[in-house]
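entry_26.txt (compact mmCIF, C-alpha atoms) appears below.
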# COMPACT_ATOMS: atom_id res chain seq x y z
CA MET D 791 27.75 39.28 -9.83
CA LYS D 792 24.91 39.20 -7.34
CA MET D 793 24.81 36.94 -4.29
CA ALA D 794 22.60 33.87 -4.30
CA ASN D 795 19.37 34.41 -2.41
CA PRO D 796 19.48 32.77 1.04
CA LEU D 797 16.05 31.27 0.34
CA ARG D 798 17.27 29.62 -2.84
CA GLY D 799 17.68 26.22 -1.15
CA GLU D 800 14.17 26.27 0.24
CA VAL D 801 12.71 27.19 -3.11
CA LEU D 802 14.62 24.40 -4.84
CA THR D 803 13.49 21.86 -2.24
CA LEU D 804 9.91 22.99 -2.72
CA TYR D 805 10.25 22.63 -6.47
CA LYS D 806 11.70 19.12 -6.11
CA ASN D 807 8.97 18.07 -3.72
CA LEU D 808 6.27 19.41 -6.00
CA LEU D 809 7.81 17.60 -8.95
CA TYR D 810 7.76 14.40 -6.95
CA PHE D 811 4.12 14.90 -6.02
CA GLY D 812 3.24 15.67 -9.61
CA ARG D 813 4.14 12.17 -10.75
CA GLU D 814 0.74 10.89 -9.74
CA TYR D 815 -1.29 13.85 -10.92
CA PRO D 816 -4.55 12.69 -12.55
CA LYS D 817 -3.97 14.80 -15.66
CA GLY D 818 -0.48 13.38 -16.07
CA ALA D 819 2.98 14.21 -14.80
CA ASP D 820 3.82 16.21 -17.93
CA TYR D 821 0.84 18.48 -17.55
CA PHE D 822 1.73 19.07 -13.93
CA LYS D 823 5.38 19.70 -14.70
CA ARG D 824 4.56 22.34 -17.30
CA ARG D 825 2.18 24.17 -14.98
CA LEU D 826 4.64 23.91 -12.12
CA LYS D 827 7.48 25.36 -14.13
CA ALA D 828 5.29 28.19 -15.39
CA ALA D 829 4.19 29.00 -11.84
CA PHE D 830 7.78 29.18 -10.63
CA LEU D 831 8.95 31.16 -13.63
CA LYS D 832 6.17 33.67 -13.13
CA ASN D 833 7.67 34.59 -9.75
CA LYS D 834 11.31 34.38 -10.70
CA ASP D 835 11.85 38.11 -10.27
CA VAL D 836 10.43 38.28 -6.76
CA LYS D 837 13.19 39.62 -4.52
CA ASP D 838 11.40 40.53 -1.30
CA PRO D 839 12.21 37.76 1.26
CA GLU D 840 8.81 38.22 2.89
CA LYS D 841 7.07 37.71 -0.43
CA ILE D 842 9.21 34.65 -1.21
CA ARG D 843 8.29 33.12 2.14
CA GLN D 844 4.64 33.67 1.35
CA LEU D 845 5.05 31.95 -1.99
CA ILE D 846 6.86 29.02 -0.37
CA ALA D 847 4.00 28.70 2.10
CA ARG D 848 1.59 28.62 -0.81
CA GLY D 849 3.63 25.85 -2.42
CA GLU D 850 3.54 23.86 0.79
CA PHE D 851 -0.21 24.31 0.91
CA VAL D 852 -0.44 22.90 -2.62
CA ILE D 853 1.53 19.85 -1.46
CA LYS D 854 -0.97 19.28 1.34
CA GLU D 855 -3.84 19.62 -1.11
CA LEU D 856 -2.25 17.11 -3.47
CA GLU D 857 -1.71 14.69 -0.62
CA ALA D 858 -5.39 14.94 0.32
CA LEU D 859 -6.42 14.58 -3.31
CA TYR D 860 -4.40 11.40 -3.79
CA PHE D 861 -5.66 9.90 -0.57
CA LEU D 862 -9.30 10.58 -1.43
CA ARG D 863 -8.91 9.34 -4.95
CA LYS D 864 -7.47 6.05 -3.78
CA TYR D 865 -9.98 5.72 -0.95
CA ARG D 866 -12.90 6.28 -3.29
CA ALA D 867 -11.55 3.79 -5.83
CA MET D 868 -11.14 1.17 -3.12
CA LYS D 869 -14.55 1.87 -1.70
CA GLN D 870 -16.15 1.60 -5.09
CA ARG D 871 -14.44 -1.70 -5.73
CA TYR D 872 -14.79 -3.39 -2.38
CA HIS D 873 -17.70 -1.77 -0.56
CA LEU D 874 -20.46 -1.85 -3.13
CA GLU D 875 -23.23 -2.57 -0.60
CA ASP D 876 -22.50 0.64 1.33
CA ASP D 877 -23.20 2.83 -1.65
CA LYS D 878 -26.51 1.14 -2.17
CA THR D 879 -27.78 1.83 1.35
CA LYS D 880 -26.54 5.43 1.48
CA MET J 1188 9.18 0.64 26.84
CA ALA J 1189 7.23 -1.73 24.68
CA GLU J 1190 9.01 -4.86 23.54
CA LEU J 1191 6.53 -5.65 20.81
CA ARG J 1192 7.77 -6.14 17.27
CA ALA J 1193 5.38 -5.74 14.39
CA LEU J 1194 5.87 -7.59 11.12
CA VAL J 1195 4.09 -5.94 8.21
CA GLY J 1196 3.60 -7.57 4.85
CA VAL J 1197 3.72 -5.31 1.82
CA LYS J 1198 2.86 -6.43 -1.66
CA ARG J 1199 3.88 -4.81 -4.92
CA VAL J 1200 0.89 -4.67 -7.23
CA ILE J 1201 -0.12 -2.88 -10.40
CA ASP J 1202 -1.11 0.63 -9.39
CA TYR J 1203 -4.79 0.98 -8.61
CA ALA J 1204 -5.22 3.79 -11.16
CA VAL J 1205 -3.79 1.81 -14.07
CA LYS J 1206 -6.23 0.37 -16.57
CA ILE J 1207 -5.19 -3.26 -16.75
CA ARG J 1208 -4.89 -5.22 -19.97
CA VAL J 1209 -5.15 -8.98 -20.36
CA LYS J 1210 -2.35 -10.74 -22.24
CA PRO J 1211 -3.39 -12.01 -25.67
CA ASP J 1212 -3.12 -15.64 -24.52
CA LYS J 1213 -5.44 -14.86 -21.57
CA THR J 1214 -3.12 -16.37 -18.96
CA GLY J 1215 -2.49 -13.17 -17.10
CA VAL J 1216 -2.33 -9.41 -17.24
CA VAL J 1217 0.30 -7.24 -18.88
CA THR J 1218 2.82 -6.17 -16.24
CA ASP J 1219 5.75 -4.99 -18.36
CA GLY J 1220 6.17 -1.24 -18.37
CA VAL J 1221 3.12 -0.81 -16.16
CA LYS J 1222 3.22 1.39 -13.08
CA HIS J 1223 3.36 -0.58 -9.87
CA SER J 1224 2.91 0.58 -6.31
CA MET J 1225 2.21 -0.73 -2.84
CA ASN J 1226 -1.11 -2.51 -2.42
CA PRO J 1227 -3.47 0.08 -0.81
CA PHE J 1228 -4.46 -2.29 1.99
CA CYS J 1229 -0.81 -2.95 2.78
CA GLU J 1230 -0.34 0.82 3.02
CA ILE J 1231 -3.06 0.87 5.65
CA ALA J 1232 -1.30 -1.94 7.53
CA VAL J 1233 2.03 -0.09 7.44
CA GLU J 1234 0.36 3.11 8.63
CA GLU J 1235 -1.25 1.31 11.56
CA ALA J 1236 2.06 -0.27 12.59
CA VAL J 1237 3.85 3.07 12.36
CA ARG J 1238 1.13 4.76 14.42
CA LEU J 1239 1.50 2.09 17.10
CA LYS J 1240 5.22 2.77 17.10
CA GLU J 1241 4.64 6.48 17.42
CA LYS J 1242 2.43 5.77 20.43
CA LYS J 1243 5.35 3.76 21.82
CA LEU J 1244 3.27 0.59 21.91
CA VAL J 1245 5.49 -1.12 19.38
CA LYS J 1246 9.27 -1.18 19.47
CA GLU J 1247 10.08 -1.98 15.90
CA VAL J 1248 8.24 -2.17 12.60
CA ILE J 1249 9.62 -4.66 10.09
CA ALA J 1250 8.29 -4.57 6.55
CA VAL J 1251 8.47 -7.72 4.42
CA SER J 1252 7.94 -8.13 0.72
CA CYS J 1253 8.20 -11.30 -1.36
CA GLY J 1254 8.85 -11.13 -5.06
CA PRO J 1255 11.30 -9.96 -7.71
CA LYS J 1256 13.89 -7.19 -7.36
CA GLN J 1257 11.40 -4.39 -7.98
CA CYS J 1258 9.76 -5.21 -4.64
CA GLN J 1259 12.55 -3.23 -3.01
CA GLU J 1260 10.81 -0.16 -4.33
CA THR J 1261 7.74 -1.14 -2.34
CA LEU J 1262 9.86 -1.76 0.73
CA ARG J 1263 11.40 1.65 0.25
CA THR J 1264 7.94 3.18 0.34
CA ALA J 1265 7.22 1.30 3.57
CA LEU J 1266 10.45 2.57 5.09
CA ALA J 1267 9.67 6.10 3.96
CA MET J 1268 6.32 5.80 5.73
CA GLY J 1269 8.14 4.97 8.94
CA ALA J 1270 9.00 1.27 9.05
CA ASP J 1271 12.35 0.60 10.73
CA ARG J 1272 13.59 -2.29 8.68
CA GLY J 1273 12.80 -3.97 5.40
CA ILE J 1274 13.22 -7.62 4.50
CA HIS J 1275 13.11 -8.53 0.87
CA VAL J 1276 12.44 -12.20 0.24
CA GLU J 1277 13.68 -12.43 -3.28
CA VAL J 1278 11.76 -14.63 -5.68
CA PRO J 1279 12.97 -14.59 -9.29
CA GLU J 1280 10.62 -13.05 -11.81
CA SER J 1281 10.13 -16.43 -13.51
CA GLU J 1282 8.76 -17.93 -10.32
CA ALA J 1283 7.02 -14.84 -8.98
CA GLU J 1284 3.75 -15.50 -10.73
CA ARG J 1285 3.48 -18.82 -8.95
CA LEU J 1286 3.86 -17.07 -5.62
CA GLY J 1287 0.46 -17.27 -4.00
CA PRO J 1288 -0.99 -16.64 -0.56
CA LEU J 1289 0.10 -20.07 0.64
CA GLN J 1290 3.74 -19.51 -0.23
CA VAL J 1291 3.75 -16.00 1.18
CA SER J 1292 2.13 -17.10 4.42
CA ARG J 1293 4.83 -19.77 4.81
CA VAL J 1294 7.47 -17.08 4.44
CA LEU J 1295 5.67 -14.75 6.85
CA THR J 1296 5.32 -17.56 9.39
CA ALA J 1297 9.04 -18.30 9.26
CA LEU J 1298 9.95 -14.63 9.51
CA ALA J 1299 7.53 -13.93 12.36
CA GLN J 1300 9.21 -16.69 14.32
CA LYS J 1301 12.73 -15.68 13.37
CA GLU J 1302 12.18 -12.01 14.14
CA LYS J 1303 10.17 -12.81 17.28
CA ALA J 1304 7.31 -10.64 16.11
CA GLY J 1305 4.36 -10.23 18.44
CA LEU J 1306 2.02 -8.74 15.90
CA VAL J 1307 1.69 -9.54 12.22
CA LEU J 1308 -0.13 -6.78 10.38
CA LEU J 1309 -1.28 -7.33 6.82
CA GLY J 1310 -3.69 -5.86 4.34
CA LYS J 1311 -6.94 -7.80 4.13
CA GLN J 1312 -6.29 -8.59 0.48
CA ALA J 1313 -4.30 -7.46 -2.53
CA ILE J 1314 -5.97 -5.57 -5.32
CA ASP J 1315 -4.43 -7.78 -7.99
CA ASP J 1316 -5.45 -11.33 -7.09
CA ASP J 1317 -8.08 -10.38 -4.47
CA CYS J 1318 -7.31 -13.59 -2.61
CA ASN J 1319 -7.92 -12.49 0.98
CA GLN J 1320 -6.13 -15.56 2.31
CA THR J 1321 -2.62 -14.63 3.39
CA GLY J 1322 -3.54 -13.29 6.83
CA GLN J 1323 -5.81 -16.20 7.64
CA MET J 1324 -3.29 -18.81 6.54
CA THR J 1325 -0.45 -17.10 8.39
CA ALA J 1326 -2.53 -17.11 11.57
CA ALA J 1327 -3.29 -20.79 11.10
CA MET J 1328 0.34 -21.73 10.49
CA LEU J 1329 1.57 -19.77 13.47
CA ASP J 1330 -1.40 -21.00 15.49
CA TRP J 1331 -2.06 -17.42 16.58
CA PRO J 1332 -5.44 -15.73 16.94
CA GLN J 1333 -6.55 -13.57 14.02
CA GLY J 1334 -8.50 -10.35 13.65
CA THR J 1335 -9.43 -9.91 10.01
CA PHE J 1336 -11.03 -6.88 8.30
CA ALA J 1337 -9.94 -4.60 11.13
CA SER J 1338 -11.41 -1.12 11.13
CA LYS J 1339 -10.05 -0.26 14.57
CA LEU J 1340 -7.18 -1.63 16.58
CA THR J 1341 -6.37 -0.99 20.24
CA LEU J 1342 -3.37 -2.41 22.01
CA GLU J 1343 -3.50 -2.84 25.77
CA GLY J 1344 -0.78 -4.85 27.46
CA ASP J 1345 -0.74 -8.29 25.89
CA LYS J 1346 -4.24 -7.94 24.48
CA VAL J 1347 -5.38 -6.37 21.27
CA THR J 1348 -8.96 -5.30 20.68
CA VAL J 1349 -10.00 -5.39 17.06
CA GLU J 1350 -13.16 -3.95 15.60
CA ARG J 1351 -14.01 -6.00 12.52
CA GLU J 1352 -16.05 -5.00 9.53
CA ILE J 1353 -18.58 -7.72 8.96
CA ASP J 1354 -21.70 -7.88 6.82
CA GLY J 1355 -24.14 -5.31 8.08
CA GLY J 1356 -22.15 -4.12 11.09
CA LEU J 1357 -19.10 -4.27 13.28
CA GLU J 1358 -17.83 -6.99 15.53
CA THR J 1359 -15.42 -6.32 18.38
CA ILE J 1360 -13.08 -9.08 19.45
CA ARG J 1361 -10.21 -9.26 21.90
CA LEU J 1362 -7.15 -11.27 20.99
CA LYS J 1363 -4.22 -12.32 23.08
CA LEU J 1364 -0.85 -11.44 21.60
CA PRO J 1365 0.88 -12.69 19.54
CA ALA J 1366 -1.78 -12.21 16.90
CA VAL J 1367 -2.38 -11.63 13.21
CA VAL J 1368 -4.46 -8.63 12.17
CA THR J 1369 -5.53 -7.75 8.62
CA ALA J 1370 -6.48 -4.19 7.76
CA ASP J 1371 -9.69 -3.08 6.12
CA LEU J 1372 -10.16 0.20 4.28
CA ARG J 1373 -11.39 2.27 7.21
CA LEU J 1374 -8.65 1.39 9.70
CA ASN J 1375 -6.75 4.65 9.05
CA GLU J 1376 -5.70 7.18 6.46
CA PRO J 1377 -2.22 6.25 5.26
CA ARG J 1378 0.33 9.06 5.02
CA TYR J 1379 2.03 9.84 1.74
CA ALA J 1380 5.61 8.62 1.46
CA THR J 1381 7.31 11.94 0.79
CA LEU J 1382 10.47 12.49 -1.21
CA PRO J 1383 12.71 13.56 1.69
CA ASN J 1384 11.70 10.42 3.56
CA ILE J 1385 12.51 8.22 0.60
CA MET J 1386 15.87 9.93 0.26
CA ASP J 1387 16.52 9.49 3.97
CA TYR J 1388 15.93 5.82 3.45
CA GLU J 1389 18.49 5.71 0.66
CA ALA J 1390 20.98 7.15 3.10
CA ALA J 1391 19.95 4.65 5.76
CA ARG J 1392 20.37 1.80 3.34
CA ALA J 1393 23.93 2.79 2.72
CA LEU J 1394 24.42 2.20 6.45
CA GLY J 1395 22.93 -1.28 6.20
CA GLY J 1396 19.31 -0.81 7.17
CA HIS J 1397 18.14 -3.27 4.58
CA GLU J 1398 18.57 -6.97 4.20
CA SER J 1399 17.77 -9.53 1.60
CA GLN J 1400 16.51 -12.99 2.37
CA PRO J 1401 16.57 -15.61 -0.33
CA PRO J 1402 13.36 -17.65 -0.21
CA SER J 1403 15.11 -21.00 -0.15
CA SER J 1404 17.17 -20.15 2.92
CA PRO J 1405 16.72 -22.34 5.98
CA VAL J 1406 14.66 -19.56 7.55
CA CYS J 1407 11.84 -19.74 5.08
CA GLY J 1408 12.03 -23.40 4.16
CA PRO J 1409 11.64 -24.67 0.63
CA PRO J 1410 9.64 -22.41 -1.67
CA ALA J 1411 7.16 -25.27 -2.20
CA PHE J 1412 5.59 -24.08 -5.38
CA ALA J 1413 4.14 -27.55 -5.98
CA CYS J 1414 0.71 -26.59 -4.72
CA SER J 1415 0.56 -23.12 -6.23
CA SER J 1416 -2.29 -22.26 -8.53
CA LEU J 1417 -2.04 -20.53 -11.86
CA PRO J 1418 -4.87 -18.80 -13.64
CA LEU J 1419 -6.35 -20.82 -16.46
CA TYR J 1420 -8.30 -18.09 -18.12
CA LEU J 1421 -8.60 -14.39 -17.43
CA GLN J 1422 -11.26 -12.11 -18.73
CA LEU J 1423 -12.16 -8.47 -18.25
CA VAL J 1424 -15.63 -7.71 -16.95
CA PRO J 1425 -16.99 -4.16 -17.15
CA ILE J 1426 -17.06 -2.31 -13.85
CA GLY J 1427 -20.45 -2.32 -12.24
CA THR J 1428 -21.20 -5.91 -13.16
CA ARG J 1429 -22.06 -7.73 -10.00
CA THR J 1430 -22.01 -11.34 -9.10
CA CYS J 1431 -25.46 -12.60 -8.27
CA PHE J 1432 -26.82 -15.85 -6.98
CA LEU J 1433 -29.03 -17.76 -9.31
CA SER J 1434 -32.44 -18.36 -7.88
CA SER J 1435 -33.90 -21.82 -8.15
CA SER J 1436 -36.20 -20.71 -10.94
CA ASN J 1437 -33.14 -19.54 -12.89
CA HIS J 1438 -31.58 -22.92 -12.39
CA GLU J 1439 -34.64 -24.60 -13.79
CA SER J 1440 -34.87 -22.32 -16.77
CA GLN J 1441 -31.22 -23.00 -17.42
CA LYS J 1442 -31.83 -26.70 -17.30
CA GLU J 1443 -34.64 -26.33 -19.73
CA GLU J 1444 -32.33 -24.46 -22.08
CA ASP J 1445 -29.79 -27.25 -21.77

Please re-express this file's structure in structure tokens.
Amino acid sequence: MKMANPLRGEVLTLYKNLLYFGREYPKGADYFKRRLKAAFLKNKDVKDPEKIRQLIARGEFVIKELEALYFLRKYRAMKQRYHLEDDKTK
Amino acid sequence: MAELRALVGVKRVIDYAVKIRVKPDKTGVVTDGVKHSMNPFCEIAVEEAVRLKEKKLVKEVIAVSCGPKQCQETLRTALAMGADRGIHVEVPESEAERLGPLQVSRVLTALAQKEKAGLVLLGKQAIDDDCNQTGQMTAAMLDWPQGTFASKLTLEGDKVTVEREIDGGLETIRLKLPAVVTADLRLNEPRYATLPNIMDYEAARALGGHESQPPSSPVCGPPAFACSSLPLYLQLVPIGTRTCFLSSSNHESQKEED
């Protein structure tokens, strides 16, 4: 029996956080969930701690991107609905 | 250390991304099984209050939501964004649709006085009823100065400078605290309520960080639904349709048609 990877907790937290962020994904939570699972499964055999850290960092970057995407999406929707005059002048 | 307490109103509305449907009898929109979230302008208000707290200009941020049980979800989001305390003024689902800006401003007035808030921060309007009245009425009832459509807010001592978005420009006003400020879209960029924060809140709630306030309690006075308004007829209008003023010639041509 092999020992659990010390980074296991971090990876799980990342997965949970990404799942949570995926709930609002424009193409649907299911679509996101499938892609997310595939992305994690693809790297399931990575053993090198350095490589795992890099992958975690990439996941955290994706979270930041999603956050920015959601903010912009909402901002644009609000602007379109409530600031019609601005679009006309610009 | 600042002694200022900020009261922030948060409303639970149908999510902005949901395509709304009108009920067959045209008296309202379908809300069952529809995704709800915090009104985007309330998010901006919460963010501003939390930023003021982070700058140590505000001591405590209290989020308030009026409505049925599910509003606790909205309060949870506010707490995850950084509010210290949530007050849920519970209004049963059957009465919730009669809850309008007037009723909510009565509740906010009572709570602002009870909690000794120095700043009431609200969204300029909700994206469901688009009333844009709660902030103004709350200010009137408290007899406090108001800064509506704020796109910038600066606190200095007992004064608050508010930059307001008005037609064709910006207006800067200075208010003496206590005051009511309503947030416009450009005030800030609200942070995303992340999962760990929401879970932290669950833990905090177990320790009693959350309270419920029935609307008919002496604090808030009678619900007074007598003067609430209900929609008579709702209708969907395609996006892009704009309201326009009829010119006098239009009026005349209309008369002729009549």

Dump as a Markdown table the rows for residues of chain J within 8 Å of chain D: closest atom pair and distance in Å with one decimal, all atoms listed in the file counted, ordered by chain and rising residue number.
| residue | atom | partner | partner_atom | distance |
| --- | --- | --- | --- | --- |
| J:Tyr1203 | CA | D:Lys864 | CA | 7.5 |
| J:Pro1227 | CA | D:Lys864 | CA | 7.8 |
| J:Leu1372 | CA | D:Met868 | CA | 7.5 |
| J:Glu1376 | CA | D:Phe861 | CA | 7.5 |
| J:Pro1377 | CA | D:Phe861 | CA | 7.7 |
| J:Tyr1379 | CA | D:Glu857 | CA | 6.6 |
| J:Thr1381 | CA | D:Asn807 | CA | 7.8 |
| J:Leu1382 | CA | D:Asn807 | CA | 6.3 |
| J:Pro1383 | CA | D:Asn807 | CA | 8.0 |

Please, what distance in Å, to one decimal, runs between atom CA of Leu1262 of chain J and atom CA of Gly1305 of chain J?
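Answer for the atom CA of Leu1262 of chain J to atom CA of Gly1305 of chain J separation: 20.4 Å.
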
Pull the neighbourhood of (-3.1, -6.3, 24.6) for me: all residues within 12 Å in file coordinates, counting all atoms listed in the file, as a ChimeraX atom specification.
/J:1189,1191,1244-1245,1305-1306,1340-1349,1360-1366

Skipping near chain neighbours, those fewer than 2 positions away, what residues fall within 12 Å of Glu800 of chain D using all atoms listed in the file, listed as number ranges by chain?
D: 795-798, 802-807, 839, 842-843, 845-847, 849-850

Sorted by chain and rising residue number, which residues of segment 1191-1302 of chain J lie within 12 Å of segment 1329-1339 of chain J, and what are their closest atom pairs and distances in Å to one decimal, counting all atoms listed in the file, as a Markdown table?
| residue | atom | partner | partner_atom | distance |
| --- | --- | --- | --- | --- |
| J:Phe1228 | CA | J:Phe1336 | CA | 10.2 |
| J:Ile1231 | CA | J:Ser1338 | CA | 10.2 |
| J:Ala1232 | CA | J:Ala1337 | CA | 9.7 |
| J:Glu1235 | CA | J:Lys1339 | CA | 9.4 |
| J:Ser1292 | CA | J:Leu1329 | CA | 9.5 |
| J:Arg1293 | CA | J:Leu1329 | CA | 9.3 |
| J:Val1294 | CA | J:Leu1329 | CA | 11.1 |
| J:Leu1295 | CA | J:Leu1329 | CA | 9.3 |
| J:Thr1296 | CA | J:Leu1329 | CA | 6.0 |
| J:Ala1297 | CA | J:Leu1329 | CA | 8.7 |
| J:Leu1298 | CA | J:Leu1329 | CA | 10.6 |
| J:Ala1299 | CA | J:Leu1329 | CA | 8.4 |
| J:Gln1300 | CA | J:Leu1329 | CA | 8.3 |
| J:Lys1301 | CA | J:Leu1329 | CA | 11.9 |

Around all the atoms of segment 1362-1373 of chain J listed in the file, draw an axis-aligned box and extend it by 3 Å on each of the six sides; I want its centre and edge lengths in Å to one decimal, as AutoDock Vina command-line options.
--center_x -5.3 --center_y -5.2 --center_z 13.7 --size_x 18.3 --size_y 21.0 --size_z 24.8

Between atom CA of Val1248 of chain J and atom CA of Ala1304 of chain J, what is the distance, to one decimal in Å?
9.2 Å

d(atom CA of Thr1264 of chain J, atom CA of Val1209 of chain J) in Å
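Between these atoms lies a distance of 27.3 Å.
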
Please identify all polymer residues within 9 Å of Gly1322 of chain J, counting all atoms listed in the file, omitting same-chain residues fewer than 2 positions from it, and present them as a PyMOL selection string.
chain J and resi 1288+1292+1307-1312+1319-1320+1324-1327+1333-1335+1367-1369

Looking at all atoms listed in the file, which of J:Glu1230, J:Glu1277, J:Asp1371, J:Glu1358 is the one that sits closest to Lys1256 of chain J?
J:Glu1277
